[in-house]
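> I'd like to ask you about the structure that follows.
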Amino acid sequence: MIVVSACLIGIPCRYNGGHCRSSALVQHLRQTPFLALCPEVLGGLPIPRPPAEIVGGNGFDVLAGRARLINHQEQDVTDQFLQGAQRGLDLVRSLATSVCYLKSRSPSCGWSQPGDTNGVIGVWAALLVQAGYQVIPAEADGR
């Protein structure tokens with residue numbers, strides 16, 4: 001079983017009500033059982049919703065209480081991101097999986113490879129890595 005960010009397979013759960021489908025990933029998953037999740041929705045955030053950014057660090061800093069998530073309406077949505085990340089981790093733990101394909105550059109799912117200066121480390125990605133899961137960043141078509 002593989003876990004994948006729901007927006008990457010075309011589910012319209014992004015902050016703007018859209019998706020960011022990755023045809024290459026969808027093709028890769030055709031012969032593999034997978035579970036699509038959106039931690040922001042699992043945390044109770046609506047679709048659509050104001051975009052949010054990590055302020056004061058990265059996903060690991062949010063988990064440690066040193067950074068917060070603030071949306072573009074200047075509301076603190078840290079608790080919703082943390083709740084969604086934990087619910088997502090709980091679901092991943094219930095599966096026989098070790099690999100998660102997550103949407104790059106996302107405040108929840110983003111994961112940067114060493115040396116990537118433009119990447120984002122999201123809250124859910126950080127929590128999954130802390131728990132020992134492999135996170136593989138994936139891009140939408142055209143990126």
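Each chain in the structure tokens gets a letter, A, B and so on, in the order shown; residues start at 1 in every chain, and ligands are counted from 1 in the order they appear.
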List the spatial neighbours of Arg30 in chain A as a VMD selection string - criterion: any atom at most 12 Å away, only C-alpha atoms, same-chain residues fewer than 6 positions off excluded.
chain A and resid 2 9 23 to 24
> Got a sec to tell me which of chain A DSSP assigns to strand (DSSP E or B), as a list in words?
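Going through chain A, the strand (DSSP E or B) residues come out as Ile2, Val3, Val4, Ser5, Phe34, Leu35, Ala36, Leu37, Ala52, Glu53, Ile54, Val55, Arg68, Leu69, Ile70, Asn71, Asp76, Val99, Cys100, Tyr101, Leu102, Lys103, Gln134, Val135, Ile136, Pro137 and Ala138 of chain A.
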> Name all residues at most 9 Å from range 75-79 of chain A (count only C-alpha atoms; drop same-chain ones fewer than 5 positions away) and give them as a short mmCIF file (atom, residue, chain, number, x, y, z; two decimals) with N, CA and C atoms, in the first residue's frame.

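Ended up saving to selection.cif:
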data_model
loop_
_atom_site.label_atom_id
_atom_site.label_comp_id
_atom_site.auth_asym_id
_atom_site.auth_seq_id
_atom_site.Cartn_x
_atom_site.Cartn_y
_atom_site.Cartn_z
N GLY A 43 -7.63 17.79 9.09
CA GLY A 43 -7.56 18.71 10.22
C GLY A 43 -8.76 19.63 10.35
N LEU A 45 -9.97 21.78 7.91
CA LEU A 45 -9.98 22.98 7.08
C LEU A 45 -10.90 22.78 5.89
N ALA A 52 -2.07 29.08 3.42
CA ALA A 52 -1.33 29.26 4.67
C ALA A 52 0.16 29.06 4.42
N ILE A 54 4.07 28.53 6.61
CA ILE A 54 4.78 28.32 7.87
C ILE A 54 5.59 29.57 8.15
N VAL A 62 7.40 23.52 13.48
CA VAL A 62 5.99 23.54 13.90
C VAL A 62 5.74 22.42 14.91
N ALA A 67 7.44 27.25 15.46
CA ALA A 67 6.92 27.93 14.27
C ALA A 67 5.40 27.74 14.24
N ARG A 68 4.74 28.57 13.46
CA ARG A 68 3.28 28.54 13.37
C ARG A 68 2.87 28.55 11.90
N LEU A 69 1.62 28.19 11.66
CA LEU A 69 1.02 28.31 10.33
C LEU A 69 0.00 29.43 10.36
N ILE A 70 0.21 30.40 9.49
CA ILE A 70 -0.65 31.58 9.43
C ILE A 70 -1.22 31.66 8.02
N GLY A 84 -4.51 17.50 11.56
CA GLY A 84 -4.55 16.76 10.30
C GLY A 84 -3.33 15.89 10.10
#
> Show which residues sit within 10 Å of Tyr15 in chain A, as a ChimeraX atom specification. Count only C-alpha atoms, and ignore same-chain residues fewer than 2 positions away.
/A:12-13,17-19,40-41,45-52
> Write out, as a compact mmCIF listing (two decimals), in the first residue's frame, the residues just selected, with C-alpha atoms.

# COMPACT_ATOMS: atom_id res chain seq x y z
CA PRO A 12 -9.98 18.82 -5.77
CA CYS A 13 -8.91 19.39 -2.16
CA GLY A 17 -10.63 24.15 -4.56
CA GLY A 18 -8.48 22.71 -7.32
CA HIS A 19 -6.07 19.83 -7.64
CA GLU A 40 -5.45 19.79 5.76
CA VAL A 41 -8.94 18.40 5.20
CA LEU A 45 -9.98 22.98 7.08
CA PRO A 46 -12.59 23.71 4.40
CA ILE A 47 -12.32 23.60 0.63
CA PRO A 48 -11.63 26.24 -0.54
CA ARG A 49 -9.63 27.91 2.24
CA PRO A 50 -7.17 30.79 2.48
CA PRO A 51 -3.63 29.66 1.67
CA ALA A 52 -1.33 29.26 4.67
